[in-house]
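Asker: Take this structure first; my questions come after.
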Amino acid sequence: MLRLSFAPAARLRVLTYQAFFTFQLPRAARSMSTAPTTHPSLTRVVTEHAPAAIGPYSQAIVSPPFVFVSGCLGFNPATGAFVEGGVEAQARQALRNLQQVVEASGSSVGRVVKTTVFLKNMDDFGAVNKIYEEFFGEHKPARSLVEVARIPRDGLFEIEAIASVA
């Protein structure tokens, strides 16, 4: 927000945010010396039946009444490598991995309320849509599907989800 005032000599004076709001963060907030811990109301989901997270994040976090599932890729949980067979095989495997994480949280695929699908190539939409429909059956969660420039480890398909645990 800018405030303008006119001086008698018709000079324009501009007062910025800095003039109105000057503050300093408490010392603890300025320091990165202590890492945050997971709040007691949240529960990390970890299952060996799906590939481990490939970075500093959880497979999922339960924050009742929902579980938030991180992006699942088409990795074989036993080998940690992508399954062979292109986007269709990766989509099927990623959906199986998603199911394992959702079930490890205490929820089920029928309680998924929202998914986000990431495709390397939108030309694969039709094939992926068919696999998605077979997987979810009559259950139709809300969904966004976008083409992205790159998926981790050069994957072709990734899916994340939010499910009810209540």
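Every chain in the structure tokens has a letter given in the order shown (A, B, ...), and although residue numbers restart at 1 in each chain, ligands are simply numbered from 1 in the order shown.
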May I have the residues within 10 Å of Val165 in chain A as a list in words, using only C-alpha atoms and disregarding those fewer than 2 positions away in the same chain?
Answerer: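 Near neighbours after the sequence-gap exclusion: Val62, Ser63, Pro64, Pro65, Phe66, Val67, Val102, Glu103, Ser105, Gly106, Ser107, Ser108, Arg111, Val112, Ile162 and Ala163 of chain A.
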Asker: List every residue of range 40-61 of chain A that has an atom at most 12 Å from any atom of range 75-84 of chain A, giving for each one its closest atom pair and the distance in Å to one decimal, counting only C-alpha atoms, sorted by chain and then by ascending residue number, as a Markdown table.
Answerer:
```
| residue | atom | partner | partner_atom | distance |
| --- | --- | --- | --- | --- |
| A:Thr47 | CA | A:Pro77 | CA | 10.1 |
| A:Glu48 | CA | A:Pro77 | CA | 7.5 |
| A:His49 | CA | A:Pro77 | CA | 6.5 |
| A:Ala50 | CA | A:Pro77 | CA | 5.1 |
| A:Pro51 | CA | A:Pro77 | CA | 4.4 |
| A:Ala52 | CA | A:Pro77 | CA | 7.7 |
| A:Ala53 | CA | A:Gly80 | CA | 10.3 |
| A:Ile54 | CA | A:Gly80 | CA | 9.6 |
```
Asker: For those residues, write all heavy atoms to a file as a compact mmCIF listing (two decimals), in the first residue's frame.
Answerer:
```
# COMPACT_ATOMS: atom_id res chain seq x y z
N THR A 47 5.69 -47.39 4.57
CA THR A 47 5.40 -48.78 4.24
C THR A 47 6.50 -49.32 3.34
O THR A 47 6.97 -48.63 2.44
CB THR A 47 4.02 -48.96 3.59
OG1 THR A 47 3.84 -50.35 3.28
CG2 THR A 47 3.86 -48.15 2.33
N GLU A 48 6.86 -50.57 3.58
CA GLU A 48 7.85 -51.25 2.73
C GLU A 48 7.19 -51.81 1.47
O GLU A 48 7.88 -52.29 0.58
CB GLU A 48 8.52 -52.38 3.51
CG GLU A 48 9.37 -51.87 4.65
CD GLU A 48 10.01 -52.99 5.45
OE1 GLU A 48 9.81 -54.18 5.11
OE2 GLU A 48 10.71 -52.67 6.42
N HIS A 49 5.87 -51.75 1.39
CA HIS A 49 5.13 -52.29 0.25
C HIS A 49 5.06 -51.30 -0.91
O HIS A 49 4.44 -51.61 -1.94
CB HIS A 49 3.73 -52.72 0.67
CG HIS A 49 3.76 -53.78 1.73
ND1 HIS A 49 4.17 -55.07 1.48
CD2 HIS A 49 3.45 -53.73 3.04
CE1 HIS A 49 4.10 -55.77 2.60
NE2 HIS A 49 3.67 -54.97 3.56
N ALA A 50 5.65 -50.14 -0.73
CA ALA A 50 5.75 -49.13 -1.79
C ALA A 50 7.17 -48.58 -1.74
O ALA A 50 7.84 -48.67 -0.71
CB ALA A 50 4.74 -48.01 -1.57
N PRO A 51 7.65 -48.03 -2.85
CA PRO A 51 9.02 -47.49 -2.85
C PRO A 51 9.19 -46.41 -1.78
O PRO A 51 8.28 -45.63 -1.52
CB PRO A 51 9.17 -46.89 -4.24
CG PRO A 51 8.15 -47.60 -5.08
CD PRO A 51 7.01 -47.90 -4.15
N ALA A 52 10.36 -46.40 -1.18
CA ALA A 52 10.67 -45.36 -0.19
C ALA A 52 10.75 -44.01 -0.88
O ALA A 52 10.98 -43.92 -2.09
CB ALA A 52 12.00 -45.68 0.49
N ALA A 53 10.55 -42.96 -0.10
CA ALA A 53 10.68 -41.60 -0.64
C ALA A 53 12.10 -41.42 -1.16
O ALA A 53 13.06 -41.91 -0.56
CB ALA A 53 10.37 -40.59 0.45
N ILE A 54 12.25 -40.73 -2.28
CA ILE A 54 13.57 -40.54 -2.87
C ILE A 54 14.17 -39.18 -2.52
O ILE A 54 15.07 -38.71 -3.18
CB ILE A 54 13.55 -40.74 -4.41
CG1 ILE A 54 12.57 -39.77 -5.08
CG2 ILE A 54 13.20 -42.18 -4.76
CD1 ILE A 54 12.61 -39.80 -6.60
```
Asker: Rank A:Ala104, A:Ser164, A:Met122, A:Gly155 by their smallest atom-to-atom distance to Gly86 in chain A, using only C-alpha atoms, and report the top residue only.
Answerer: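 Ranked by minimum distance to Gly86 in chain A, first place goes to A:Gly155.
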Asker: If DSSP is run on the backbone, what residues of range 4-166 of chain A are strand (DSSP E or B)? A reply as a PyMOL selection string would be ideal.
Answerer: chain A and resi 4-6+12-15+43-45+60-63+66-73+75+82+112-119+142-147+157-164
Asker: Would you work out the distance separating CA of Ile61 in chain A from CA of Val45 in chain A, expressed in Å to one decimal?
Answerer: 5.7 Å
Asker: Using only C-alpha atoms for the distances, tell me which of A:Leu119, A:Ala60, A:Ile131, A:Cys72 is nearest to Ile159 in chain A.
Answerer: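 With only C-alpha atoms as the atom set, the closest residue is A:Cys72.
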Asker: Need to verify the contact set: range 147-154 of chain A, 8 Å, only C-alpha atoms, exclusion of same-chain residues closer than 3 positions in sequence. Can you return it as a ChimeraX atom specification?
Answerer: /A:118-122,157-158
Asker: With N, CA, C and O atoms retained, export the selected residues as a CSV table (one decimal), in the first residue's frame.
Answerer:
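That gives us part_25.csv:
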```
chain,number,residue,atom,x,y,z
A,118,PHE,N,0.5,-36.2,-13.0
A,118,PHE,CA,1.5,-35.5,-13.8
A,118,PHE,C,2.0,-36.5,-14.9
A,118,PHE,O,2.4,-37.6,-14.7
A,119,LEU,N,1.9,-36.0,-16.1
A,119,LEU,CA,2.3,-36.8,-17.3
A,119,LEU,C,3.4,-36.1,-18.0
A,119,LEU,O,3.5,-34.8,-18.1
A,120,LYS,N,4.4,-36.9,-18.5
A,120,LYS,CA,5.5,-36.3,-19.3
A,120,LYS,C,5.0,-35.9,-20.6
A,120,LYS,O,5.5,-34.9,-21.2
A,121,ASN,N,4.0,-36.6,-21.2
A,121,ASN,CA,3.5,-36.3,-22.5
A,121,ASN,C,2.0,-36.4,-22.5
A,121,ASN,O,1.4,-37.5,-22.3
A,122,MET,N,1.3,-35.3,-22.9
A,122,MET,CA,-0.1,-35.3,-22.9
A,122,MET,C,-0.7,-36.2,-24.0
A,122,MET,O,-1.9,-36.6,-23.9
A,157,PHE,N,5.0,-40.9,-15.6
A,157,PHE,CA,3.7,-40.7,-14.9
A,157,PHE,C,4.0,-40.6,-13.4
A,157,PHE,O,4.9,-41.3,-12.8
A,158,GLU,N,3.3,-39.7,-12.7
A,158,GLU,CA,3.3,-39.6,-11.3
A,158,GLU,C,1.9,-39.2,-10.8
A,158,GLU,O,1.2,-38.5,-11.5
```
Asker: So which one's closest to Ala91 in chain A, A:Gly74, A:Pro56, A:Gly137, A:Gly126? Using only C-alpha atoms, please.
Answerer: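 Looking only at the distances to Ala91 in chain A, the closest residue turns out to be A:Gly74.
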Asker: Report the distance between CA of Gln93 in chain A and CA of Ala161 in chain A in Å, rounded to one decimal place.
Answerer: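 Those two atoms sit 15.0 Å apart.
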Asker: So that I can check the secondary structure, give me every residue of chain A assigned alpha helix (DSSP H) by backbone DSSP, as an mmCIF file with all heavy atoms, in the first residue's frame.
Answerer:
```cif
data_model
loop_
_atom_site.group_PDB
_atom_site.id
_atom_site.type_symbol
_atom_site.label_atom_id
_atom_site.label_comp_id
_atom_site.auth_asym_id
_atom_site.auth_seq_id
_atom_site.Cartn_x
_atom_site.Cartn_y
_atom_site.Cartn_z
ATOM 1 N N TYR A 17 5.850 0.817 2.466
ATOM 2 C CA TYR A 17 5.667 -0.110 3.572
ATOM 3 C C TYR A 17 6.742 0.065 4.636
ATOM 4 O O TYR A 17 6.482 0.002 5.816
ATOM 5 C CB TYR A 17 5.743 -1.568 3.073
ATOM 6 C CG TYR A 17 4.501 -2.069 2.435
ATOM 7 C CD1 TYR A 17 4.497 -2.481 1.117
ATOM 8 C CD2 TYR A 17 3.325 -2.158 3.159
ATOM 9 C CE1 TYR A 17 3.351 -2.969 0.533
ATOM 10 C CE2 TYR A 17 2.177 -2.642 2.575
ATOM 11 C CZ TYR A 17 2.185 -3.040 1.262
ATOM 12 O OH TYR A 17 1.049 -3.517 0.685
ATOM 13 N N GLN A 18 7.958 0.287 4.194
ATOM 14 C CA GLN A 18 9.066 0.373 5.138
ATOM 15 C C GLN A 18 8.852 1.497 6.151
ATOM 16 O O GLN A 18 9.190 1.359 7.313
ATOM 17 C CB GLN A 18 10.381 0.567 4.383
ATOM 18 C CG GLN A 18 11.590 0.484 5.288
ATOM 19 C CD GLN A 18 12.877 0.569 4.486
ATOM 20 O OE1 GLN A 18 12.857 0.871 3.311
ATOM 21 N NE2 GLN A 18 13.980 0.308 5.140
ATOM 22 N N ALA A 19 8.259 2.573 5.707
ATOM 23 C CA ALA A 19 8.031 3.688 6.615
ATOM 24 C C ALA A 19 6.979 3.347 7.675
ATOM 25 O O ALA A 19 7.017 3.862 8.777
ATOM 26 C CB ALA A 19 7.589 4.918 5.830
ATOM 27 N N PHE A 20 6.031 2.468 7.330
ATOM 28 C CA PHE A 20 4.962 2.119 8.250
ATOM 29 C C PHE A 20 5.233 0.859 9.067
ATOM 30 O O PHE A 20 4.791 0.728 10.179
ATOM 31 C CB PHE A 20 3.650 1.928 7.485
ATOM 32 C CG PHE A 20 3.108 3.200 6.920
ATOM 33 C CD1 PHE A 20 3.159 3.428 5.556
ATOM 34 C CD2 PHE A 20 2.562 4.167 7.744
ATOM 35 C CE1 PHE A 20 2.662 4.594 5.036
ATOM 36 C CE2 PHE A 20 2.068 5.347 7.217
ATOM 37 C CZ PHE A 20 2.119 5.566 5.861
ATOM 38 N N ARG A 27 15.122 -13.629 17.507
ATOM 39 C CA ARG A 27 16.397 -14.286 17.227
ATOM 40 C C ARG A 27 16.206 -15.748 16.813
ATOM 41 O O ARG A 27 16.828 -16.221 15.883
ATOM 42 C CB ARG A 27 17.327 -14.199 18.439
ATOM 43 C CG ARG A 27 18.687 -14.814 18.196
ATOM 44 C CD ARG A 27 19.622 -14.618 19.368
ATOM 45 N NE ARG A 27 19.898 -13.243 19.670
ATOM 46 C CZ ARG A 27 20.818 -12.494 19.055
ATOM 47 N NH1 ARG A 27 21.521 -13.002 18.084
ATOM 48 N NH2 ARG A 27 21.010 -11.250 19.402
ATOM 49 N N ALA A 28 15.316 -16.458 17.471
ATOM 50 C CA ALA A 28 15.097 -17.871 17.156
ATOM 51 C C ALA A 28 14.587 -18.051 15.731
ATOM 52 O O ALA A 28 14.936 -19.003 15.058
ATOM 53 C CB ALA A 28 14.125 -18.489 18.140
ATOM 54 N N ALA A 29 13.763 -17.135 15.252
ATOM 55 C CA ALA A 29 13.216 -17.247 13.905
ATOM 56 C C ALA A 29 14.255 -16.931 12.846
ATOM 57 O O ALA A 29 14.134 -17.353 11.708
ATOM 58 C CB ALA A 29 12.014 -16.324 13.749
ATOM 59 N N ARG A 30 15.290 -16.174 13.208
ATOM 60 C CA ARG A 30 16.334 -15.827 12.252
ATOM 61 C C ARG A 30 17.370 -16.924 12.108
ATOM 62 O O ARG A 30 18.154 -16.927 11.195
ATOM 63 C CB ARG A 30 17.029 -14.527 12.674
ATOM 64 C CG ARG A 30 16.165 -13.309 12.470
ATOM 65 C CD ARG A 30 16.910 -12.065 12.843
ATOM 66 N NE ARG A 30 16.690 -11.820 14.272
ATOM 67 C CZ ARG A 30 17.527 -11.195 15.059
ATOM 68 N NH1 ARG A 30 18.662 -10.755 14.596
ATOM 69 N NH2 ARG A 30 17.245 -11.016 16.319
ATOM 70 N N GLY A 86 6.855 -48.736 -20.633
ATOM 71 C CA GLY A 86 6.371 -47.420 -21.006
ATOM 72 C C GLY A 86 5.408 -46.812 -20.011
ATOM 73 O O GLY A 86 5.307 -47.239 -18.853
ATOM 74 N N VAL A 87 4.665 -45.831 -20.475
ATOM 75 C CA VAL A 87 3.796 -45.057 -19.601
ATOM 76 C C VAL A 87 2.676 -45.912 -19.008
ATOM 77 O O VAL A 87 2.295 -45.720 -17.846
ATOM 78 C CB VAL A 87 3.236 -43.811 -20.318
ATOM 79 C CG1 VAL A 87 2.252 -44.186 -21.415
ATOM 80 C CG2 VAL A 87 2.614 -42.846 -19.329
ATOM 81 N N GLU A 88 2.163 -46.872 -19.763
ATOM 82 C CA GLU A 88 1.085 -47.710 -19.238
ATOM 83 C C GLU A 88 1.565 -48.529 -18.043
ATOM 84 O O GLU A 88 0.899 -48.596 -17.011
ATOM 85 C CB GLU A 88 0.526 -48.648 -20.325
ATOM 86 C CG GLU A 88 -0.206 -47.928 -21.435
ATOM 87 C CD GLU A 88 0.697 -47.564 -22.621
ATOM 88 O OE1 GLU A 88 1.952 -47.689 -22.504
ATOM 89 O OE2 GLU A 88 0.162 -47.128 -23.646
ATOM 90 N N ALA A 89 2.724 -49.154 -18.178
ATOM 91 C CA ALA A 89 3.267 -49.962 -17.081
ATOM 92 C C ALA A 89 3.609 -49.081 -15.882
ATOM 93 O O ALA A 89 3.345 -49.458 -14.731
ATOM 94 C CB ALA A 89 4.504 -50.723 -17.545
ATOM 95 N N GLN A 90 4.177 -47.903 -16.124
ATOM 96 C CA GLN A 90 4.498 -46.994 -15.022
ATOM 97 C C GLN A 90 3.235 -46.505 -14.329
ATOM 98 O O GLN A 90 3.199 -46.382 -13.101
ATOM 99 C CB GLN A 90 5.335 -45.815 -15.513
ATOM 100 C CG GLN A 90 6.771 -46.177 -15.793
ATOM 101 C CD GLN A 90 7.638 -44.959 -16.086
ATOM 102 O OE1 GLN A 90 7.358 -43.858 -15.623
ATOM 103 N NE2 GLN A 90 8.709 -45.168 -16.846
ATOM 104 N N ALA A 91 2.189 -46.233 -15.086
ATOM 105 C CA ALA A 91 0.931 -45.769 -14.490
ATOM 106 C C ALA A 91 0.328 -46.861 -13.608
ATOM 107 O O ALA A 91 -0.082 -46.592 -12.473
ATOM 108 C CB ALA A 91 -0.059 -45.354 -15.582
ATOM 109 N N ARG A 92 0.279 -48.085 -14.105
ATOM 110 C CA ARG A 92 -0.266 -49.191 -13.296
ATOM 111 C C ARG A 92 0.530 -49.376 -12.005
ATOM 112 O O ARG A 92 -0.045 -49.538 -10.924
ATOM 113 C CB ARG A 92 -0.281 -50.486 -14.110
ATOM 114 C CG ARG A 92 -1.384 -50.565 -15.113
ATOM 115 C CD ARG A 92 -1.476 -51.951 -15.768
ATOM 116 N NE ARG A 92 -2.502 -51.952 -16.787
ATOM 117 C CZ ARG A 92 -2.279 -51.646 -18.069
ATOM 118 N NH1 ARG A 92 -1.069 -51.340 -18.492
ATOM 119 N NH2 ARG A 92 -3.283 -51.653 -18.926
ATOM 120 N N GLN A 93 1.861 -49.343 -12.113
ATOM 121 C CA GLN A 93 2.699 -49.547 -10.935
ATOM 122 C C GLN A 93 2.558 -48.384 -9.962
ATOM 123 O O GLN A 93 2.477 -48.583 -8.749
ATOM 124 C CB GLN A 93 4.164 -49.740 -11.320
ATOM 125 C CG GLN A 93 5.069 -50.040 -10.141
ATOM 126 C CD GLN A 93 4.706 -51.350 -9.461
ATOM 127 O OE1 GLN A 93 4.599 -52.387 -10.100
ATOM 128 N NE2 GLN A 93 4.503 -51.309 -8.144
ATOM 129 N N ALA A 94 2.511 -47.170 -10.466
ATOM 130 C CA ALA A 94 2.355 -45.996 -9.595
ATOM 131 C C ALA A 94 1.025 -46.063 -8.852
ATOM 132 O O ALA A 94 0.951 -45.737 -7.659
ATOM 133 C CB ALA A 94 2.450 -44.710 -10.410
ATOM 134 N N LEU A 95 -0.020 -46.510 -9.514
ATOM 135 C CA LEU A 95 -1.325 -46.648 -8.863
ATOM 136 C C LEU A 95 -1.294 -47.755 -7.808
ATOM 137 O O LEU A 95 -1.885 -47.611 -6.735
ATOM 138 C CB LEU A 95 -2.414 -46.891 -9.903
ATOM 139 C CG LEU A 95 -2.761 -45.659 -10.747
ATOM 140 C CD1 LEU A 95 -3.514 -46.051 -12.015
ATOM 141 C CD2 LEU A 95 -3.535 -44.641 -9.936
ATOM 142 N N ARG A 96 -0.597 -48.861 -8.076
ATOM 143 C CA ARG A 96 -0.434 -49.906 -7.053
ATOM 144 C C ARG A 96 0.333 -49.352 -5.854
ATOM 145 O O ARG A 96 -0.010 -49.625 -4.699
ATOM 146 C CB ARG A 96 0.289 -51.123 -7.631
ATOM 147 C CG ARG A 96 -0.594 -52.021 -8.476
ATOM 148 C CD ARG A 96 0.067 -53.353 -8.786
ATOM 149 N NE ARG A 96 1.197 -53.233 -9.697
ATOM 150 C CZ ARG A 96 1.119 -53.309 -11.021
ATOM 151 N NH1 ARG A 96 -0.050 -53.502 -11.601
ATOM 152 N NH2 ARG A 96 2.190 -53.202 -11.771
ATOM 153 N N ASN A 97 1.378 -48.562 -6.126
ATOM 154 C CA ASN A 97 2.152 -47.953 -5.038
ATOM 155 C C ASN A 97 1.288 -46.995 -4.236
ATOM 156 O O ASN A 97 1.347 -46.977 -2.993
ATOM 157 C CB ASN A 97 3.387 -47.235 -5.593
ATOM 158 C CG ASN A 97 4.385 -48.192 -6.225
ATOM 159 O OD1 ASN A 97 4.391 -49.395 -5.951
ATOM 160 N ND2 ASN A 97 5.234 -47.660 -7.082
ATOM 161 N N LEU A 98 0.477 -46.203 -4.925
ATOM 162 C CA LEU A 98 -0.450 -45.296 -4.254
ATOM 163 C C LEU A 98 -1.391 -46.085 -3.339
ATOM 164 O O LEU A 98 -1.597 -45.711 -2.180
ATOM 165 C CB LEU A 98 -1.253 -44.511 -5.288
ATOM 166 C CG LEU A 98 -2.338 -43.592 -4.731
ATOM 167 C CD1 LEU A 98 -1.720 -42.314 -4.199
ATOM 168 C CD2 LEU A 98 -3.376 -43.279 -5.794
ATOM 169 N N GLN A 99 -1.932 -47.172 -3.836
ATOM 170 C CA GLN A 99 -2.840 -47.999 -3.043
ATOM 171 C C GLN A 99 -2.145 -48.506 -1.780
ATOM 172 O O GLN A 99 -2.739 -48.481 -0.698
ATOM 173 C CB GLN A 99 -3.349 -49.177 -3.869
ATOM 174 C CG GLN A 99 -4.312 -50.063 -3.113
ATOM 175 C CD GLN A 99 -4.904 -51.152 -3.982
ATOM 176 O OE1 GLN A 99 -4.511 -51.339 -5.136
ATOM 177 N NE2 GLN A 99 -5.856 -51.869 -3.440
ATOM 178 N N GLN A 100 -0.909 -48.947 -1.886
ATOM 179 C CA GLN A 100 -0.180 -49.456 -0.727
ATOM 180 C C GLN A 100 0.006 -48.366 0.335
ATOM 181 O O GLN A 100 -0.163 -48.610 1.534
ATOM 182 C CB GLN A 100 1.176 -50.025 -1.143
ATOM 183 C CG GLN A 100 1.088 -51.290 -1.958
ATOM 184 C CD GLN A 100 0.434 -52.425 -1.192
ATOM 185 O OE1 GLN A 100 0.682 -52.635 -0.010
ATOM 186 N NE2 GLN A 100 -0.439 -53.165 -1.864
ATOM 187 N N VAL A 101 0.344 -47.163 -0.098
ATOM 188 C CA VAL A 101 0.549 -46.060 0.851
ATOM 189 C C VAL A 101 -0.774 -45.648 1.485
ATOM 190 O O VAL A 101 -0.861 -45.439 2.698
ATOM 191 C CB VAL A 101 1.246 -44.858 0.176
ATOM 192 C CG1 VAL A 101 1.364 -43.685 1.134
ATOM 193 C CG2 VAL A 101 2.622 -45.256 -0.355
ATOM 194 N N VAL A 102 -1.820 -45.540 0.670
ATOM 195 C CA VAL A 102 -3.144 -45.169 1.195
ATOM 196 C C VAL A 102 -3.599 -46.199 2.225
ATOM 197 O O VAL A 102 -4.072 -45.840 3.315
ATOM 198 C CB VAL A 102 -4.167 -45.021 0.041
ATOM 199 C CG1 VAL A 102 -5.590 -44.970 0.569
ATOM 200 C CG2 VAL A 102 -3.864 -43.778 -0.780
ATOM 201 N N GLU A 103 -3.443 -47.471 1.929
ATOM 202 C CA GLU A 103 -3.868 -48.512 2.867
ATOM 203 C C GLU A 103 -2.994 -48.536 4.119
ATOM 204 O O GLU A 103 -3.499 -48.788 5.220
ATOM 205 C CB GLU A 103 -3.881 -49.870 2.168
ATOM 206 C CG GLU A 103 -5.020 -49.967 1.160
ATOM 207 C CD GLU A 103 -5.039 -51.265 0.364
ATOM 208 O OE1 GLU A 103 -4.123 -52.099 0.529
ATOM 209 O OE2 GLU A 103 -5.982 -51.428 -0.439
ATOM 210 N N ALA A 104 -1.708 -48.233 3.987
ATOM 211 C CA ALA A 104 -0.826 -48.172 5.158
ATOM 212 C C ALA A 104 -1.229 -47.038 6.096
ATOM 213 O O ALA A 104 -0.942 -47.081 7.294
ATOM 214 C CB ALA A 104 0.631 -48.001 4.723
ATOM 215 N N PHE A 125 -2.518 -39.212 -22.623
ATOM 216 C CA PHE A 125 -3.735 -39.002 -21.839
ATOM 217 C C PHE A 125 -4.731 -40.147 -21.988
ATOM 218 O O PHE A 125 -5.244 -40.668 -21.004
ATOM 219 C CB PHE A 125 -4.398 -37.668 -22.215
ATOM 220 C CG PHE A 125 -5.689 -37.426 -21.497
ATOM 221 C CD1 PHE A 125 -5.691 -36.875 -20.227
ATOM 222 C CD2 PHE A 125 -6.913 -37.756 -22.075
ATOM 223 C CE1 PHE A 125 -6.880 -36.641 -19.547
ATOM 224 C CE2 PHE A 125 -8.106 -37.532 -21.407
ATOM 225 C CZ PHE A 125 -8.088 -36.978 -20.141
ATOM 226 N N GLY A 126 -5.024 -40.541 -23.211
ATOM 227 C CA GLY A 126 -6.034 -41.578 -23.446
ATOM 228 C C GLY A 126 -5.677 -42.899 -22.784
ATOM 229 O O GLY A 126 -6.504 -43.509 -22.099
ATOM 230 N N ALA A 127 -4.445 -43.348 -22.971
ATOM 231 C CA ALA A 127 -4.007 -44.623 -22.386
ATOM 232 C C ALA A 127 -4.012 -44.547 -20.866
ATOM 233 O O ALA A 127 -4.469 -45.476 -20.183
ATOM 234 C CB ALA A 127 -2.610 -44.976 -22.896
ATOM 235 N N VAL A 128 -3.529 -43.441 -20.322
ATOM 236 C CA VAL A 128 -3.468 -43.273 -18.868
ATOM 237 C C VAL A 128 -4.879 -43.149 -18.293
ATOM 238 O O VAL A 128 -5.183 -43.720 -17.242
ATOM 239 C CB VAL A 128 -2.590 -42.058 -18.498
ATOM 240 C CG1 VAL A 128 -2.805 -41.620 -17.069
ATOM 241 C CG2 VAL A 128 -1.123 -42.371 -18.762
ATOM 242 N N ASN A 129 -5.754 -42.446 -18.967
ATOM 243 C CA ASN A 129 -7.120 -42.274 -18.493
ATOM 244 C C ASN A 129 -7.831 -43.621 -18.382
ATOM 245 O O ASN A 129 -8.577 -43.865 -17.426
ATOM 246 C CB ASN A 129 -7.886 -41.333 -19.423
ATOM 247 C CG ASN A 129 -8.994 -40.607 -18.724
ATOM 248 O OD1 ASN A 129 -8.818 -40.120 -17.607
ATOM 249 N ND2 ASN A 129 -10.134 -40.523 -19.379
ATOM 250 N N LYS A 130 -7.590 -44.512 -19.343
ATOM 251 C CA LYS A 130 -8.194 -45.849 -19.309
ATOM 252 C C LYS A 130 -7.693 -46.639 -18.097
ATOM 253 O O LYS A 130 -8.474 -47.260 -17.380
ATOM 254 C CB LYS A 130 -7.878 -46.593 -20.603
ATOM 255 C CG LYS A 130 -8.503 -47.951 -20.684
ATOM 256 C CD LYS A 130 -8.183 -48.634 -22.002
ATOM 257 C CE LYS A 130 -8.786 -50.034 -21.980
ATOM 258 N NZ LYS A 130 -8.344 -50.839 -23.097
ATOM 259 N N ILE A 131 -6.399 -46.596 -17.836
ATOM 260 C CA ILE A 131 -5.807 -47.303 -16.689
ATOM 261 C C ILE A 131 -6.337 -46.718 -15.387
ATOM 262 O O ILE A 131 -6.685 -47.449 -14.451
ATOM 263 C CB ILE A 131 -4.268 -47.243 -16.766
ATOM 264 C CG1 ILE A 131 -3.791 -48.061 -17.957
ATOM 265 C CG2 ILE A 131 -3.628 -47.707 -15.469
ATOM 266 C CD1 ILE A 131 -2.369 -47.767 -18.384
ATOM 267 N N TYR A 132 -6.413 -45.395 -15.314
ATOM 268 C CA TYR A 132 -6.937 -44.701 -14.131
ATOM 269 C C TYR A 132 -8.379 -45.134 -13.864
ATOM 270 O O TYR A 132 -8.757 -45.436 -12.740
ATOM 271 C CB TYR A 132 -6.844 -43.188 -14.379
ATOM 272 C CG TYR A 132 -7.280 -42.310 -13.240
ATOM 273 C CD1 TYR A 132 -6.345 -41.799 -12.353
ATOM 274 C CD2 TYR A 132 -8.615 -41.949 -13.073
ATOM 275 C CE1 TYR A 132 -6.735 -40.958 -11.310
ATOM 276 C CE2 TYR A 132 -9.012 -41.119 -12.039
ATOM 277 C CZ TYR A 132 -8.062 -40.617 -11.162
ATOM 278 O OH TYR A 132 -8.454 -39.798 -10.139
ATOM 279 N N GLU A 133 -9.187 -45.167 -14.917
ATOM 280 C CA GLU A 133 -10.594 -45.551 -14.776
ATOM 281 C C GLU A 133 -10.722 -47.008 -14.311
ATOM 282 O O GLU A 133 -11.551 -47.325 -13.446
ATOM 283 C CB GLU A 133 -11.328 -45.357 -16.095
ATOM 284 C CG GLU A 133 -12.816 -45.614 -16.009
ATOM 285 C CD GLU A 133 -13.541 -45.290 -17.311
ATOM 286 O OE1 GLU A 133 -12.908 -45.275 -18.383
ATOM 287 O OE2 GLU A 133 -14.767 -45.060 -17.235
ATOM 288 N N GLU A 134 -9.909 -47.902 -14.857
ATOM 289 C CA GLU A 134 -9.918 -49.304 -14.413
ATOM 290 C C GLU A 134 -9.546 -49.407 -12.942
ATOM 291 O O GLU A 134 -10.140 -50.175 -12.187
ATOM 292 C CB GLU A 134 -8.937 -50.131 -15.245
ATOM 293 C CG GLU A 134 -9.359 -50.352 -16.679
ATOM 294 C CD GLU A 134 -8.243 -50.945 -17.534
ATOM 295 O OE1 GLU A 134 -7.130 -51.227 -17.010
ATOM 296 O OE2 GLU A 134 -8.469 -51.119 -18.741
ATOM 297 N N PHE A 135 -8.557 -48.624 -12.515
ATOM 298 C CA PHE A 135 -8.083 -48.688 -11.139
ATOM 299 C C PHE A 135 -9.150 -48.202 -10.156
ATOM 300 O O PHE A 135 -9.415 -48.847 -9.151
ATOM 301 C CB PHE A 135 -6.810 -47.848 -10.989
ATOM 302 C CG PHE A 135 -6.260 -47.820 -9.600
ATOM 303 C CD1 PHE A 135 -5.536 -48.888 -9.099
ATOM 304 C CD2 PHE A 135 -6.480 -46.723 -8.779
ATOM 305 C CE1 PHE A 135 -5.027 -48.877 -7.806
ATOM 306 C CE2 PHE A 135 -5.973 -46.692 -7.482
ATOM 307 C CZ PHE A 135 -5.244 -47.772 -6.997
ATOM 308 N N PHE A 136 -9.765 -47.060 -10.425
ATOM 309 C CA PHE A 136 -10.735 -46.485 -9.496
ATOM 310 C C PHE A 136 -12.149 -47.037 -9.675
ATOM 311 O O PHE A 136 -12.990 -46.872 -8.782
ATOM 312 C CB PHE A 136 -10.746 -44.959 -9.591
ATOM 313 C CG PHE A 136 -9.607 -44.313 -8.862
ATOM 314 C CD1 PHE A 136 -8.528 -43.803 -9.552
ATOM 315 C CD2 PHE A 136 -9.604 -44.230 -7.472
ATOM 316 C CE1 PHE A 136 -7.464 -43.208 -8.876
ATOM 317 C CE2 PHE A 136 -8.549 -43.649 -6.785
ATOM 318 C CZ PHE A 136 -7.476 -43.136 -7.496
#
```
Asker: If you measure from CA of Ala142 in chain A to CA of Thr43 in chain A, what distance in Å do you get, rounded to one decimal?
Answerer: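 Computed distance, CA of Ala142 in chain A to CA of Thr43 in chain A, equals 24.1 Å.
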